[in-house]
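Undergrad: For reference, the structure I am asking about is given below.
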Amino acid sequence: MGATRVESRYTHNETVTNGLSVETIDDLTLGMMSGGVKRTWGAPGALKLNVDAHVAFLLYNDRLELLSEQQLPAELSTIDPTPFNLSVLNSFGGGLGIGVEAPLGHGGLFFSAGARLTLGFMPADIINDPEDPEDGHDVNSPTHPLSVGLGVGYRLGG
Amino acid sequence: MVSTMRCAFCVCGLVMLVATAAVDVAAQNAASTERSWSFGGGMSWLELNGERRLVRGDRKVVTTNATGGLAPFLEASFKLNDR
C-alpha cells in the first residue's frame with residue numbers, strides 16, 4: 001500500500017459565444033491512497049524488477065471558482081448572471097505500475113525507482129445549478145495520474 | 001474555508017499515511033520464504049493527465065487542463081509468500 005499527495009494547478013479557459021476568452025488558474029490538491037499486489041523478480045542481493053496492480057482512493061481538494069457572467073464585460077450584459085462554481089468530489093481509480101529495487105549495502109536498505117499509472121475520474125458538481133441532474137454528477141472528467149519517482153526503503157527481516 | 005479544508009485534508013492524509021498497512025504479495029526468491037515488512041518513501045513527479053470540458057447551454061464552454069507537480073510518497077509492503 002502506498003500514499004502520495006500533490007498540489008497542482010488547473011488552467012481554466014472560458015469561452016463565451018461571442019468569442020471572448022478568459023483564462024483563470026486554480027490550485028488543486030490530490031491525495032492518493034492505494035493498495036494492491038506486487039510481483040517481484042530477482043535474486044537476493046541483486047537488482048529486482050517488480051510490477052504491481054493497484055486500486056486507489058483519489059482525494060481531491062478543490063473548489064473551482066470559475067468566471068460567472070456577473071464578472072463579464074459590459075458588452076455581454078445581455079447574458080443573465082448565473083453562478084458557475086464547481087465542487088470537486090473524491091473518487092476511485094485503478095492501474096498498473098512497474099519498478100526496480102537495488103540493495104544498498106547488506107543491511108536491508110534499498111533504492112527504488114518506478115512509474116505508476118492510475119486510471120480514474122474527477123467528479124464535480126456545479127454549485128447552485130438550477131439545471132442540476134437528479135442523479136449523477138454534472139461533470140465526470142477523466143483524470144489519469146501518472147507518477148515517476150525515486151525513493152529509498154528498508155526491509156525488516158526476510 | 002479553503003485553508004480549513006486543506007488543513008483538514010492534510011491531517012486526514014497524515015493519519016492515513018501513518019495508518020498505511022501493506023498487502024504486498026511479493027514474489028520473492030525461492031531461497032527466502034520468511035514474511036517481512038518493508039517501508040520506503042521518496043519523491044515523484046505526478047502528472048494529473050486530466051482535462052475537463054463543460055458546455056453551459058449554448059453560451060459558454062469551459063475547458064481545463066491540469067498540470068503536474070512534485071509529490072512525496074510513502075509506501076509500506078508485506079511479503080506474504082514466496083511467489
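Note on naming: chains are A, B, ... as they come in the C-alpha cells, residues start from 1 per chain, ligands start from 1 in the order shown.
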For Thr118 (chain A), list every protein, DNA or RNA residue within 10 Å, evaluated using only C-alpha atoms, and leave out those in the same chain fewer than 4 positions away; present the list as a list in words.
TA: Met32, Ser34, Ala53, His54, Val55, Ala56, Leu58, Phe92, Gly93, Gly94, Gly95, Leu96, Gly97, Thr143, His144, Pro145, Leu146 and Ser147 of chain A; Leu48 and Asn49 of chain B
Undergrad: Which one is closest to chain B: A:Ala46, A:Val51, A:Val37, A:Ala115? Count only C-alpha atoms.
TA: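 With only C-alpha atoms as the atom set, the closest residue is A:Val37.
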Undergrad: Which distance in Å separates CA of Leu119 (chain A) and CA of Glu51 (chain B), to one decimal?
TA: 13.0 Å
Undergrad: Show me, as a PyMOL selection string, the residues that have an atom within 12 Å of Leu70 (chain B) when counting only C-alpha atoms, minus same-chain residues fewer than 3 positions from it.
TA: (chain A and resi 4-9+29-30+146-150) or (chain B and resi 42-48+67+73)
Undergrad: Please determine, counting only C-alpha atoms, which residue among A:His106, A:Ala3, A:Ala113, A:Ile126 has the shortest atom-to-atom distance to chain B.
TA: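 Looking at the shortest contact to chain B, the residue is A:Ala3.
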Undergrad: Any idea what the distance is between CA of Ser36 (chain B) and CA of Glu75 (chain B)?
TA: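 Distance reported for this atom pair: 14.1 Å.
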Undergrad: Which residues are close to Asp62 (chain A), i.e. within 7 Å by only C-alpha atoms, leaving aside same-chain residues fewer than 2 positions away? Reply as JSON, numbers by chain.
TA: {"A": [27, 28, 29, 60, 64, 87, 88]}
Undergrad: Using the selection just defined, write its residues with N, CA and C atoms as a compact mmCIF listing (two decimals), in the first residue's frame.
TA:
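The result, written out as again.txt:
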```
# COMPACT_ATOMS: atom_id res chain seq x y z
N ASP A 27 -5.81 26.27 -7.89
CA ASP A 27 -4.97 25.26 -7.27
C ASP A 27 -5.78 24.01 -6.96
N LEU A 28 -5.16 22.89 -7.14
CA LEU A 28 -5.80 21.61 -6.91
C LEU A 28 -4.87 20.73 -6.09
N THR A 29 -5.41 20.07 -5.09
CA THR A 29 -4.61 19.13 -4.31
C THR A 29 -5.18 17.73 -4.51
N TYR A 60 -9.56 14.57 -3.88
CA TYR A 60 -9.35 15.89 -4.46
C TYR A 60 -9.76 16.96 -3.45
N LEU A 64 -13.56 24.92 -7.75
CA LEU A 64 -13.19 25.73 -8.89
C LEU A 64 -14.05 26.97 -8.96
N SER A 87 -17.78 22.10 -7.38
CA SER A 87 -17.25 21.44 -6.20
C SER A 87 -16.74 20.08 -6.61
N VAL A 88 -15.44 19.85 -6.42
CA VAL A 88 -14.83 18.61 -6.86
C VAL A 88 -14.99 17.54 -5.79
```
Undergrad: Find the residues around Ala124 (chain A) up to 8 Å (only C-alpha atoms counted), leave out those fewer than 2 positions away in its own chain, and share them as a VMD selection string.
TA: chain A and resid 86 to 89 122 126 137 to 140
